[in-house]
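Dumped query06.txt below, it's compact mmCIF, C-alpha atoms and all ligand atoms:
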```txt
# COMPACT_ATOMS: atom_id res chain seq x y z
CA MET A 1 34.36 166.87 -143.79
CA ALA A 2 33.24 164.96 -146.84
CA HIS A 3 35.34 164.58 -149.87
CA ASP A 4 34.24 163.18 -153.15
CA HIS A 5 36.97 160.74 -153.81
CA ASP A 6 36.66 160.64 -157.53
CA HIS A 7 37.47 157.03 -157.83
CA ASP A 8 39.48 156.91 -160.96
CA HIS A 9 39.82 153.19 -160.75
CA ASP A 10 39.58 151.53 -164.06
CA HIS A 11 36.44 149.48 -163.81
CA GLU A 12 36.89 147.95 -167.19
CA HIS A 13 39.08 145.10 -166.13
CA GLU A 14 39.30 142.35 -168.65
CA HIS A 15 37.65 139.43 -166.97
CA GLU A 16 39.00 136.16 -168.25
CA HIS A 17 35.85 134.35 -167.41
CA ALA A 18 32.81 136.01 -168.82
CA ILE A 19 30.52 134.34 -166.29
CA GLU A 20 32.48 135.72 -163.32
CA PRO A 21 30.23 137.96 -161.25
CA ASP A 22 31.00 141.66 -161.37
CA GLU A 23 33.09 141.89 -158.21
CA ASP A 24 33.67 145.60 -158.64
CA ALA A 25 29.94 146.23 -158.69
CA GLN A 26 29.52 144.16 -155.56
CA GLU A 27 32.36 146.00 -153.80
CA ARG A 28 30.82 149.32 -154.73
CA ALA A 29 27.42 148.21 -153.45
CA GLU A 30 28.97 147.08 -150.15
CA ALA A 31 30.91 150.33 -149.76
CA GLU A 32 27.73 152.30 -150.41
CA ALA A 33 25.85 150.23 -147.82
CA ARG A 34 28.62 150.86 -145.26
CA LYS A 35 28.52 154.56 -146.09
CA GLN A 36 24.77 154.78 -145.52
CA LEU A 37 25.08 152.89 -142.22
CA ALA A 38 27.81 155.29 -141.08
CA LEU A 39 25.86 158.37 -142.13
CA ALA A 40 22.90 157.10 -140.12
CA GLN A 41 25.15 157.26 -137.04
CA ILE A 42 26.39 160.77 -137.82
CA ARG A 43 24.22 163.70 -136.67
CA GLN A 44 22.58 165.39 -139.62
CA TYR A 45 21.66 169.03 -140.19
CA GLY A 46 18.85 170.10 -137.87
CA ASP A 47 20.27 168.09 -134.97
CA PRO A 48 20.93 170.53 -132.09
CA ALA A 49 24.25 168.83 -131.20
CA LEU A 50 25.75 170.32 -134.37
CA ARG A 51 25.11 173.82 -133.02
CA LEU A 52 26.60 173.38 -129.55
CA LYS A 53 30.07 174.32 -128.38
CA ALA A 54 32.12 171.36 -127.19
CA ASN A 55 34.02 171.28 -123.90
CA ASP A 56 37.66 170.37 -123.31
CA VAL A 57 38.52 166.72 -122.78
CA GLU A 58 39.83 166.17 -119.26
CA ASP A 59 40.27 162.42 -119.01
CA PHE A 60 42.60 160.65 -121.42
CA ASP A 61 41.18 157.25 -120.65
CA ASP A 62 40.02 154.11 -122.45
CA ASP A 63 36.64 155.70 -123.14
CA LEU A 64 38.38 158.46 -125.08
CA ARG A 65 40.46 155.98 -127.07
CA ARG A 66 37.38 153.91 -127.86
CA LEU A 67 35.63 157.07 -129.06
CA VAL A 68 38.58 157.90 -131.33
CA GLU A 69 38.54 154.37 -132.77
CA ARG A 70 34.81 154.57 -133.40
CA MET A 71 35.11 158.00 -135.03
CA ILE A 72 37.92 156.82 -137.32
CA ALA A 73 35.85 153.80 -138.38
CA LEU A 74 32.83 156.02 -139.07
CA MET A 75 34.95 158.52 -141.00
CA HIS A 76 36.32 155.71 -143.18
CA ASP A 77 32.96 154.06 -143.77
CA ALA A 78 31.34 157.42 -144.55
CA GLN A 79 34.22 158.14 -146.98
CA GLY A 80 35.01 161.41 -145.23
CA VAL A 81 38.38 163.02 -144.49
CA GLY A 82 37.47 164.39 -141.08
CA LEU A 83 34.94 163.92 -138.30
CA ALA A 84 34.37 165.96 -135.15
CA ALA A 85 33.02 164.54 -131.87
CA THR A 86 30.01 166.88 -132.02
CA GLN A 87 28.97 165.06 -135.22
CA VAL A 88 28.43 161.90 -133.18
CA GLY A 89 26.68 163.81 -130.40
CA ILE A 90 29.68 163.95 -128.06
CA LEU A 91 30.29 167.52 -126.92
CA ARG A 92 34.03 167.16 -126.37
CA ARG A 93 36.82 168.99 -128.16
CA LEU A 94 38.36 166.38 -130.42
CA PHE A 95 38.29 165.41 -134.04
CA VAL A 96 39.83 162.82 -136.33
CA TYR A 97 41.15 163.56 -139.77
CA GLU A 98 42.97 161.90 -142.64
CA PRO A 99 43.77 164.35 -145.40
CA ASP A 100 46.58 162.29 -146.95
CA GLU A 101 48.09 158.82 -147.14
CA GLU A 102 49.74 159.02 -143.73
CA GLY A 103 46.82 157.47 -141.91
CA PRO A 104 44.15 158.78 -139.56
CA ARG A 105 45.03 160.97 -136.60
CA ALA A 106 43.13 162.40 -133.66
CA ILE A 107 43.64 165.82 -132.14
CA VAL A 108 42.22 166.43 -128.68
CA ASN A 109 41.69 169.94 -127.29
CA PRO A 110 43.05 171.53 -130.48
CA VAL A 111 44.12 175.16 -130.40
CA VAL A 112 45.27 177.29 -133.32
CA ALA A 113 48.85 178.29 -132.46
CA GLU A 114 49.60 180.07 -135.73
CA ARG A 115 47.58 181.07 -138.75
CA GLY A 116 49.01 182.14 -142.10
CA GLU A 117 47.79 185.37 -143.67
CA GLU A 118 46.89 183.87 -147.03
CA ILE A 119 43.25 182.91 -147.58
CA ALA A 120 41.90 180.67 -150.33
CA SER A 121 38.39 179.67 -151.33
CA ASP A 122 37.41 176.13 -152.25
CA GLU A 123 34.33 173.92 -152.16
CA GLU A 124 33.65 171.90 -149.04
CA GLY A 125 31.15 169.21 -148.19
CA CYS A 126 30.20 167.90 -144.77
CA LEU A 127 29.13 164.46 -143.56
CA SER A 128 26.37 166.21 -141.58
CA LEU A 129 25.06 168.18 -144.58
CA GLN A 130 24.38 165.58 -147.21
CA GLY A 131 24.19 166.82 -150.78
CA VAL A 132 25.68 170.23 -150.00
CA ARG A 133 28.90 171.64 -151.41
CA VAL A 134 29.69 175.31 -150.90
CA PRO A 135 32.75 177.53 -151.31
CA VAL A 136 34.46 178.46 -148.04
CA ASP A 137 37.39 180.79 -147.35
CA ARG A 138 40.14 179.23 -145.24
CA SER A 139 43.68 180.04 -144.22
CA THR A 140 46.12 178.10 -146.38
CA ARG A 141 48.53 177.45 -143.53
CA ILE A 142 47.79 176.66 -139.92
CA VAL A 143 49.66 175.35 -136.90
CA LEU A 144 47.59 173.36 -134.41
CA GLU A 145 48.54 172.36 -130.91
CA GLY A 146 46.73 169.86 -128.74
CA LYS A 147 47.02 166.31 -127.45
CA ASP A 148 46.71 162.90 -128.98
CA GLU A 149 44.30 160.32 -127.53
CA HIS A 150 46.99 159.20 -125.06
CA GLY A 151 47.51 162.69 -123.68
CA ALA A 152 50.83 163.34 -125.43
CA ASP A 153 51.48 166.84 -126.80
CA VAL A 154 50.84 167.25 -130.51
CA ARG A 155 51.92 170.12 -132.73
CA VAL A 156 51.15 169.93 -136.44
CA GLU A 157 51.91 172.38 -139.20
CA LEU A 158 49.43 172.01 -142.03
CA GLY A 159 49.12 173.51 -145.47
CA GLU A 160 46.48 173.74 -148.18
CA TYR A 161 44.09 170.79 -148.09
CA ALA A 162 45.01 169.51 -144.62
CA ALA A 163 44.76 173.05 -143.24
CA ARG A 164 41.29 173.32 -144.77
CA VAL A 165 40.16 170.02 -143.27
CA VAL A 166 41.22 170.90 -139.72
CA GLN A 167 39.67 174.38 -139.88
CA HIS A 168 36.40 172.72 -140.93
CA GLU A 169 36.61 170.28 -137.99
CA LEU A 170 37.59 173.04 -135.54
CA ASP A 171 34.44 174.91 -136.58
CA HIS A 172 32.34 171.86 -135.67
CA LEU A 173 33.68 172.05 -132.10
CA ASP A 174 32.22 175.56 -131.87
CA GLY A 175 28.90 174.69 -133.50
CA VAL A 176 29.84 176.40 -136.78
CA LEU A 177 28.90 174.84 -140.13
CA ILE A 178 30.03 175.53 -143.69
CA ILE A 179 26.70 177.20 -144.51
CA ASP A 180 27.64 179.87 -141.94
CA ARG A 181 30.89 180.53 -143.78
CA THR A 182 29.72 180.69 -147.37
CA ASP A 183 28.09 183.55 -149.29
CA ASP A 184 24.34 184.31 -149.22
CA GLU A 185 23.64 182.77 -152.60
CA HIS A 186 25.26 179.42 -151.77
CA ARG A 187 23.70 179.43 -148.30
CA LYS A 188 20.22 179.81 -149.79
CA GLU A 189 20.86 177.04 -152.27
CA ALA A 190 22.23 174.78 -149.52
CA LEU A 191 19.24 175.41 -147.25
CA SER A 192 16.85 174.52 -150.04
CA THR A 193 18.72 171.22 -150.41
CA LEU A 194 18.64 170.58 -146.66
CA ARG A 195 15.02 171.60 -146.07
CA PRO A 196 13.16 170.70 -149.27
CA ARG A 197 9.83 170.24 -147.45
CA ALA A 198 9.85 173.55 -145.64
CA VAL A 199 8.20 175.33 -148.58
CA LEU A 200 5.19 172.98 -148.50
CA ARG A 201 3.92 174.37 -145.21
ZN ZN A 301 31.61 168.75 -141.40
```
Would you put the structure from the file into structure tokens?
Ligand SMILES: [Zn+2]
Amino acid sequence: MAHDHDHDHDHEHEHEHAIEPDEDAQERAEAEARKQLALAQIRQYGDPALRLKANDVEDFDDDLRRLVERMIALMHDAQGVGLAATQVGILRRLFVYEPDEEGPRAIVNPVVAERGEEIASDEEGCLSLQGVRVPVDRSTRIVLEGKDEHGADVRVELGEYAARVVQHELDHLDGVLIIDRTDDEHRKEALSTLRPRAVLR
């Protein structure tokens, strides 16, 4: 899941030396370059892997832990708050997410154990659907059970934003995208963003 971190940093630092290069501008340029490199490694809309259902993870081995590390690095570089294995072309049921300051986590073979009755709508983006933001209904409270990358049992109770993020990532493991979950009007608009050349045929 993508999230526009509205960087509220104050970029108007008082530089003591007027000739000092604009370090903020350079940092921003580097972050943008890292983001583009990460996005190039994340499957984009139209890629069949995004539409396939992932299979349970059976081996909690070094390969799995390396995959989790790689996915966390990609999620960070792409400035996202969640990334599912299907988005990197791996059809296994796991995702990484980081909806708050508590650091990134992986959930392997996630299952919804409980779902609250309340539903809320909010805009979502997706690292695989660049330039698209659409409103999606999600449960505001969810309990997930699964394993961590070492095979230990995990049970997390999530509310609001975190609940939204994991429902988005769970959808990816079943080949479901946000354009499937929004209304007709937003879907049409999103598809015109994703397939701008289709009309030229
Ligand atoms: Zn997504």
Can you tell me which residues sit at most 6 Å away from ligand ZN 301 (chain A), counting all atoms listed in the file, written as a compact mmCIF listing (two decimals) with C-alpha atoms, in the coordinates of the input?
```txt
# COMPACT_ATOMS: atom_id res chain seq x y z
CA MET A 1 34.36 166.87 -143.79
CA CYS A 126 30.20 167.90 -144.77
CA LEU A 127 29.13 164.46 -143.56
CA SER A 128 26.37 166.21 -141.58
```
Task: Selection near Asp148 of chain A, 7 Å with all atoms listed in the file, sequence-local residues under 4 positions removed, as number ranges by chain - done: A: 106-108, 152-154
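For the choices A:Glu23, A:Ala2, A:Arg141, A:Val132, the atom-to-atom distance to Gly80 of chain A is smallest for A:Ala2 when using all atoms listed in the file.
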Where does segment 70-169 of chain A meet segment 184-196 of chain A within 9 Å, residue by residue, with the nearest atom pair and distance in Å to one decimal for each, counting only C-alpha atoms, listed by chain and rising number, as JSON lines?
```
{"residue": "A:Leu129", "atom": "CA", "partner": "A:Leu194", "partner_atom": "CA", "distance": 7.2}
{"residue": "A:Gln130", "atom": "CA", "partner": "A:Leu194", "partner_atom": "CA", "distance": 7.6}
{"residue": "A:Gly131", "atom": "CA", "partner": "A:Thr193", "partner_atom": "CA", "distance": 7.0}
{"residue": "A:Val132", "atom": "CA", "partner": "A:Ala190", "partner_atom": "CA", "distance": 5.7}
{"residue": "A:Arg133", "atom": "CA", "partner": "A:Ala190", "partner_atom": "CA", "distance": 7.6}
{"residue": "A:Val134", "atom": "CA", "partner": "A:His186", "partner_atom": "CA", "distance": 6.1}
{"residue": "A:Pro135", "atom": "CA", "partner": "A:His186", "partner_atom": "CA", "distance": 7.7}
```
Give me the residues within 9 Å of Val81 of chain A as a PDB file with C-alpha atoms, in the coordinates of the input, counting only C-alpha atoms and dropping any in the same chain fewer than 4 places off.
```pdb
ATOM      1  CA  MET A   1      34.360 166.870-143.790  1.00  0.00           C
ATOM      2  CA  ALA A   2      33.240 164.960-146.840  1.00  0.00           C
ATOM      3  CA  HIS A   3      35.340 164.580-149.870  1.00  0.00           C
ATOM      4  CA  MET A  75      34.950 158.520-141.000  1.00  0.00           C
ATOM      5  CA  HIS A  76      36.320 155.710-143.180  1.00  0.00           C
ATOM      6  CA  VAL A  96      39.830 162.820-136.330  1.00  0.00           C
ATOM      7  CA  TYR A  97      41.150 163.560-139.770  1.00  0.00           C
ATOM      8  CA  GLU A  98      42.970 161.900-142.640  1.00  0.00           C
ATOM      9  CA  PRO A  99      43.770 164.350-145.400  1.00  0.00           C
ATOM     10  CA  ASP A 100      46.580 162.290-146.950  1.00  0.00           C
ATOM     11  CA  PRO A 104      44.150 158.780-139.560  1.00  0.00           C
ATOM     12  CA  VAL A 165      40.160 170.020-143.270  1.00  0.00           C
TER      13      VAL A 165
END
```
- [ ] Can you pull out every residue within 6 Å of segment 45-57 of chain A, counting all atoms listed in the file, but drop anything in the same chain fewer than 4 positions away, and send it as a count of residues only?
- [x] 11
Open item on the list: Using all atoms listed in the file, list the residues that have an atom at most 6 Å from (48.9, 168.6, -132.6), coordinates as in the file, as a PyMOL selection string.
Closed with: chain A and resi 107+144-147+154-156
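We find atom CA of Asp77 of chain A and atom CA of Ala33 of chain A to be spaced 9.0 Å apart.
With distances taken over all atoms listed in the file, A:Glu124 is the one residue among A:Glu149, A:Glu58, A:Glu124, A:Asp180 lying closest to Tyr161 of chain A.
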Task: Which of A:Asp183, A:Val176, A:Thr140, A:Gly125 sits closest to Arg164 of chain A [using all atoms listed in the file] - done: A:Thr140
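Between Gly116 of chain A and the residues A:Arg28, A:Arg34, A:Arg43, A:Arg138, the shortest atom-to-atom distance, using all atoms listed in the file, involves A:Arg138.
The coordinates place atom CA of Ala84 of chain A at 6.3 Å from atom CA of His172 of chain A.
Closest to Lys35 of chain A among A:Leu64, A:Ala78, A:Val166, A:Ile72 is A:Ala78, based on all atoms listed in the file.
Counting all atoms listed in the file, the residue from A:Glu101, A:Glu160, A:Asp62, A:Glu169 that sits nearest to Gln87 of chain A is A:Glu169.
Going from atom CA of Glu30 of chain A over to atom CA of His168 of chain A, you cover 28.2 Å.
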Six-sided padding of 8 Å per side, axis-aligned box over segment 61-80 of chain A, centre and edges in Å, one decimal, as JSON:
```
{"center_x": 36.3, "center_y": 157.6, "center_z": -133.8, "size_x": 25.8, "size_y": 23.6, "size_z": 42.3}
```
For segment 49-90 of chain A, write N, CA and C atoms out as a PDB file, in the first residue's frame.
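What ended up in result27.pdb:
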```
ATOM      1  N   ALA A  49       1.007 -11.553 -12.293  1.00  0.00           N
ATOM      2  CA  ALA A  49       1.267 -12.007 -10.910  1.00  0.00           C
ATOM      3  C   ALA A  49       0.337 -11.314  -9.915  1.00  0.00           C
ATOM      4  N   LEU A  50      -0.075 -10.087 -10.247  1.00  0.00           N
ATOM      5  CA  LEU A  50      -0.938  -9.322  -9.334  1.00  0.00           C
ATOM      6  C   LEU A  50      -2.349  -9.894  -9.267  1.00  0.00           C
ATOM      7  N   ARG A  51      -2.683 -10.759 -10.215  1.00  0.00           N
ATOM      8  CA  ARG A  51      -4.033 -11.313 -10.276  1.00  0.00           C
ATOM      9  C   ARG A  51      -4.110 -12.762  -9.813  1.00  0.00           C
ATOM     10  N   LEU A  52      -2.978 -13.311  -9.360  1.00  0.00           N
ATOM     11  CA  LEU A  52      -2.958 -14.713  -8.954  1.00  0.00           C
ATOM     12  C   LEU A  52      -3.083 -14.861  -7.445  1.00  0.00           C
ATOM     13  N   LYS A  53      -3.651 -15.994  -7.048  1.00  0.00           N
ATOM     14  CA  LYS A  53      -3.814 -16.290  -5.630  1.00  0.00           C
ATOM     15  C   LYS A  53      -2.536 -16.948  -5.125  1.00  0.00           C
ATOM     16  N   ALA A  54      -2.037 -16.445  -4.011  1.00  0.00           N
ATOM     17  CA  ALA A  54      -0.787 -16.980  -3.459  1.00  0.00           C
ATOM     18  C   ALA A  54      -1.050 -18.234  -2.622  1.00  0.00           C
ATOM     19  N   ASN A  55      -0.024 -19.049  -2.501  1.00  0.00           N
ATOM     20  CA  ASN A  55      -0.117 -20.300  -1.740  1.00  0.00           C
ATOM     21  C   ASN A  55       0.554 -20.153  -0.374  1.00  0.00           C
ATOM     22  N   ASP A  56       0.102 -20.985   0.577  1.00  0.00           N
ATOM     23  CA  ASP A  56       0.696 -20.946   1.911  1.00  0.00           C
ATOM     24  C   ASP A  56       2.207 -21.178   1.872  1.00  0.00           C
ATOM     25  N   VAL A  57       2.893 -20.518   2.787  1.00  0.00           N
ATOM     26  CA  VAL A  57       4.328 -20.765   2.980  1.00  0.00           C
ATOM     27  C   VAL A  57       4.464 -22.032   3.817  1.00  0.00           C
ATOM     28  N   GLU A  58       5.341 -22.941   3.369  1.00  0.00           N
ATOM     29  CA  GLU A  58       5.530 -24.183   4.124  1.00  0.00           C
ATOM     30  C   GLU A  58       6.879 -24.240   4.820  1.00  0.00           C
ATOM     31  N   ASP A  59       7.881 -23.610   4.222  1.00  0.00           N
ATOM     32  CA  ASP A  59       9.225 -23.679   4.805  1.00  0.00           C
ATOM     33  C   ASP A  59       9.622 -22.335   5.409  1.00  0.00           C
ATOM     34  N   PHE A  60       9.861 -22.340   6.694  1.00  0.00           N
ATOM     35  CA  PHE A  60      10.322 -21.117   7.375  1.00  0.00           C
ATOM     36  C   PHE A  60      11.844 -21.158   7.433  1.00  0.00           C
ATOM     37  N   ASP A  61      12.435 -20.917   6.280  1.00  0.00           N
ATOM     38  CA  ASP A  61      13.882 -21.077   6.139  1.00  0.00           C
ATOM     39  C   ASP A  61      14.564 -19.738   5.840  1.00  0.00           C
ATOM     40  N   ASP A  62      15.863 -19.821   5.571  1.00  0.00           N
ATOM     41  CA  ASP A  62      16.627 -18.598   5.294  1.00  0.00           C
ATOM     42  C   ASP A  62      16.123 -17.876   4.048  1.00  0.00           C
ATOM     43  N   ASP A  63      15.661 -18.645   3.068  1.00  0.00           N
ATOM     44  CA  ASP A  63      15.112 -18.018   1.858  1.00  0.00           C
ATOM     45  C   ASP A  63      13.933 -17.112   2.211  1.00  0.00           C
ATOM     46  N   LEU A  64      13.078 -17.598   3.106  1.00  0.00           N
ATOM     47  CA  LEU A  64      11.915 -16.808   3.517  1.00  0.00           C
ATOM     48  C   LEU A  64      12.362 -15.530   4.223  1.00  0.00           C
ATOM     49  N   ARG A  65      13.344 -15.674   5.117  1.00  0.00           N
ATOM     50  CA  ARG A  65      13.812 -14.496   5.867  1.00  0.00           C
ATOM     51  C   ARG A  65      14.521 -13.495   4.956  1.00  0.00           C
ATOM     52  N   ARG A  66      15.221 -14.000   3.956  1.00  0.00           N
ATOM     53  CA  ARG A  66      15.832 -13.091   2.980  1.00  0.00           C
ATOM     54  C   ARG A  66      14.758 -12.359   2.173  1.00  0.00           C
ATOM     55  N   LEU A  67      13.688 -13.078   1.836  1.00  0.00           N
ATOM     56  CA  LEU A  67      12.591 -12.455   1.092  1.00  0.00           C
ATOM     57  C   LEU A  67      11.950 -11.341   1.929  1.00  0.00           C
ATOM     58  N   VAL A  68      11.738 -11.620   3.216  1.00  0.00           N
ATOM     59  CA  VAL A  68      11.143 -10.612   4.104  1.00  0.00           C
ATOM     60  C   VAL A  68      12.041  -9.376   4.174  1.00  0.00           C
ATOM     61  N   GLU A  69      13.351  -9.606   4.321  1.00  0.00           N
ATOM     62  CA  GLU A  69      14.294  -8.472   4.373  1.00  0.00           C
ATOM     63  C   GLU A  69      14.234  -7.639   3.102  1.00  0.00           C
ATOM     64  N   ARG A  70      14.193  -8.337   1.967  1.00  0.00           N
ATOM     65  CA  ARG A  70      14.159  -7.645   0.681  1.00  0.00           C
ATOM     66  C   ARG A  70      12.858  -6.854   0.529  1.00  0.00           C
ATOM     67  N   MET A  71      11.751  -7.459   0.965  1.00  0.00           N
ATOM     68  CA  MET A  71      10.457  -6.780   0.841  1.00  0.00           C
ATOM     69  C   MET A  71      10.385  -5.549   1.744  1.00  0.00           C
ATOM     70  N   ILE A  72      10.975  -5.652   2.937  1.00  0.00           N
ATOM     71  CA  ILE A  72      10.984  -4.496   3.845  1.00  0.00           C
ATOM     72  C   ILE A  72      11.815  -3.361   3.244  1.00  0.00           C
ATOM     73  N   ALA A  73      12.960  -3.715   2.663  1.00  0.00           N
ATOM     74  CA  ALA A  73      13.816  -2.694   2.046  1.00  0.00           C
ATOM     75  C   ALA A  73      13.092  -2.020   0.873  1.00  0.00           C
ATOM     76  N   LEU A  74      12.415  -2.833   0.067  1.00  0.00           N
ATOM     77  CA  LEU A  74      11.669  -2.272  -1.072  1.00  0.00           C
ATOM     78  C   LEU A  74      10.530  -1.372  -0.598  1.00  0.00           C
ATOM     79  N   MET A  75       9.823  -1.840   0.435  1.00  0.00           N
ATOM     80  CA  MET A  75       8.707  -1.045   0.981  1.00  0.00           C
ATOM     81  C   MET A  75       9.214   0.317   1.459  1.00  0.00           C
ATOM     82  N   HIS A  76      10.348   0.302   2.156  1.00  0.00           N
ATOM     83  CA  HIS A  76      10.918   1.560   2.652  1.00  0.00           C
ATOM     84  C   HIS A  76      11.335   2.468   1.502  1.00  0.00           C
ATOM     85  N   ASP A  77      12.095   1.903   0.569  1.00  0.00           N
ATOM     86  CA  ASP A  77      12.584   2.711  -0.551  1.00  0.00           C
ATOM     87  C   ASP A  77      11.428   3.264  -1.389  1.00  0.00           C
ATOM     88  N   ALA A  78      10.378   2.454  -1.535  1.00  0.00           N
ATOM     89  CA  ALA A  78       9.233   2.889  -2.342  1.00  0.00           C
ATOM     90  C   ALA A  78       8.316   3.825  -1.558  1.00  0.00           C
ATOM     91  N   GLN A  79       8.633   4.036  -0.278  1.00  0.00           N
ATOM     92  CA  GLN A  79       7.862   4.915   0.608  1.00  0.00           C
ATOM     93  C   GLN A  79       6.426   4.417   0.771  1.00  0.00           C
ATOM     94  N   GLY A  80       6.303   3.092   0.852  1.00  0.00           N
ATOM     95  CA  GLY A  80       4.995   2.484   1.088  1.00  0.00           C
ATOM     96  C   GLY A  80       4.851   2.072   2.536  1.00  0.00           C
ATOM     97  N   VAL A  81       3.645   1.652   2.921  1.00  0.00           N
ATOM     98  CA  VAL A  81       3.405   1.199   4.292  1.00  0.00           C
ATOM     99  C   VAL A  81       3.055  -0.287   4.334  1.00  0.00           C
ATOM    100  N   GLY A  82       3.083  -0.922   3.164  1.00  0.00           N
ATOM    101  CA  GLY A  82       2.824  -2.354   3.107  1.00  0.00           C
ATOM    102  C   GLY A  82       3.242  -2.891   1.755  1.00  0.00           C
ATOM    103  N   LEU A  83       3.628  -4.170   1.737  1.00  0.00           N
ATOM    104  CA  LEU A  83       4.005  -4.793   0.463  1.00  0.00           C
ATOM    105  C   LEU A  83       3.746  -6.296   0.577  1.00  0.00           C
ATOM    106  N   ALA A  84       3.015  -6.825  -0.403  1.00  0.00           N
ATOM    107  CA  ALA A  84       2.697  -8.254  -0.410  1.00  0.00           C
ATOM    108  C   ALA A  84       3.649  -8.983  -1.353  1.00  0.00           C
ATOM    109  N   ALA A  85       3.886 -10.271  -1.054  1.00  0.00           N
ATOM    110  CA  ALA A  85       4.843 -11.064  -1.849  1.00  0.00           C
ATOM    111  C   ALA A  85       4.440 -11.119  -3.324  1.00  0.00           C
ATOM    112  N   THR A  86       3.137 -11.145  -3.597  1.00  0.00           N
ATOM    113  CA  THR A  86       2.692 -11.195  -4.997  1.00  0.00           C
ATOM    114  C   THR A  86       3.166  -9.970  -5.774  1.00  0.00           C
ATOM    115  N   GLN A  87       3.398  -8.860  -5.068  1.00  0.00           N
ATOM    116  CA  GLN A  87       3.850  -7.634  -5.734  1.00  0.00           C
ATOM    117  C   GLN A  87       5.308  -7.712  -6.179  1.00  0.00           C
ATOM    118  N   VAL A  88       6.029  -8.711  -5.670  1.00  0.00           N
ATOM    119  CA  VAL A  88       7.389  -8.930  -6.176  1.00  0.00           C
ATOM    120  C   VAL A  88       7.440 -10.253  -6.941  1.00  0.00           C
ATOM    121  N   GLY A  89       6.268 -10.743  -7.349  1.00  0.00           N
ATOM    122  CA  GLY A  89       6.200 -11.921  -8.202  1.00  0.00           C
ATOM    123  C   GLY A  89       6.370 -13.240  -7.481  1.00  0.00           C
ATOM    124  N   ILE A  90       6.274 -13.200  -6.133  1.00  0.00           N
ATOM    125  CA  ILE A  90       6.398 -14.435  -5.343  1.00  0.00           C
ATOM    126  C   ILE A  90       4.995 -14.815  -4.875  1.00  0.00           C
TER     127      ILE A  90
END
```
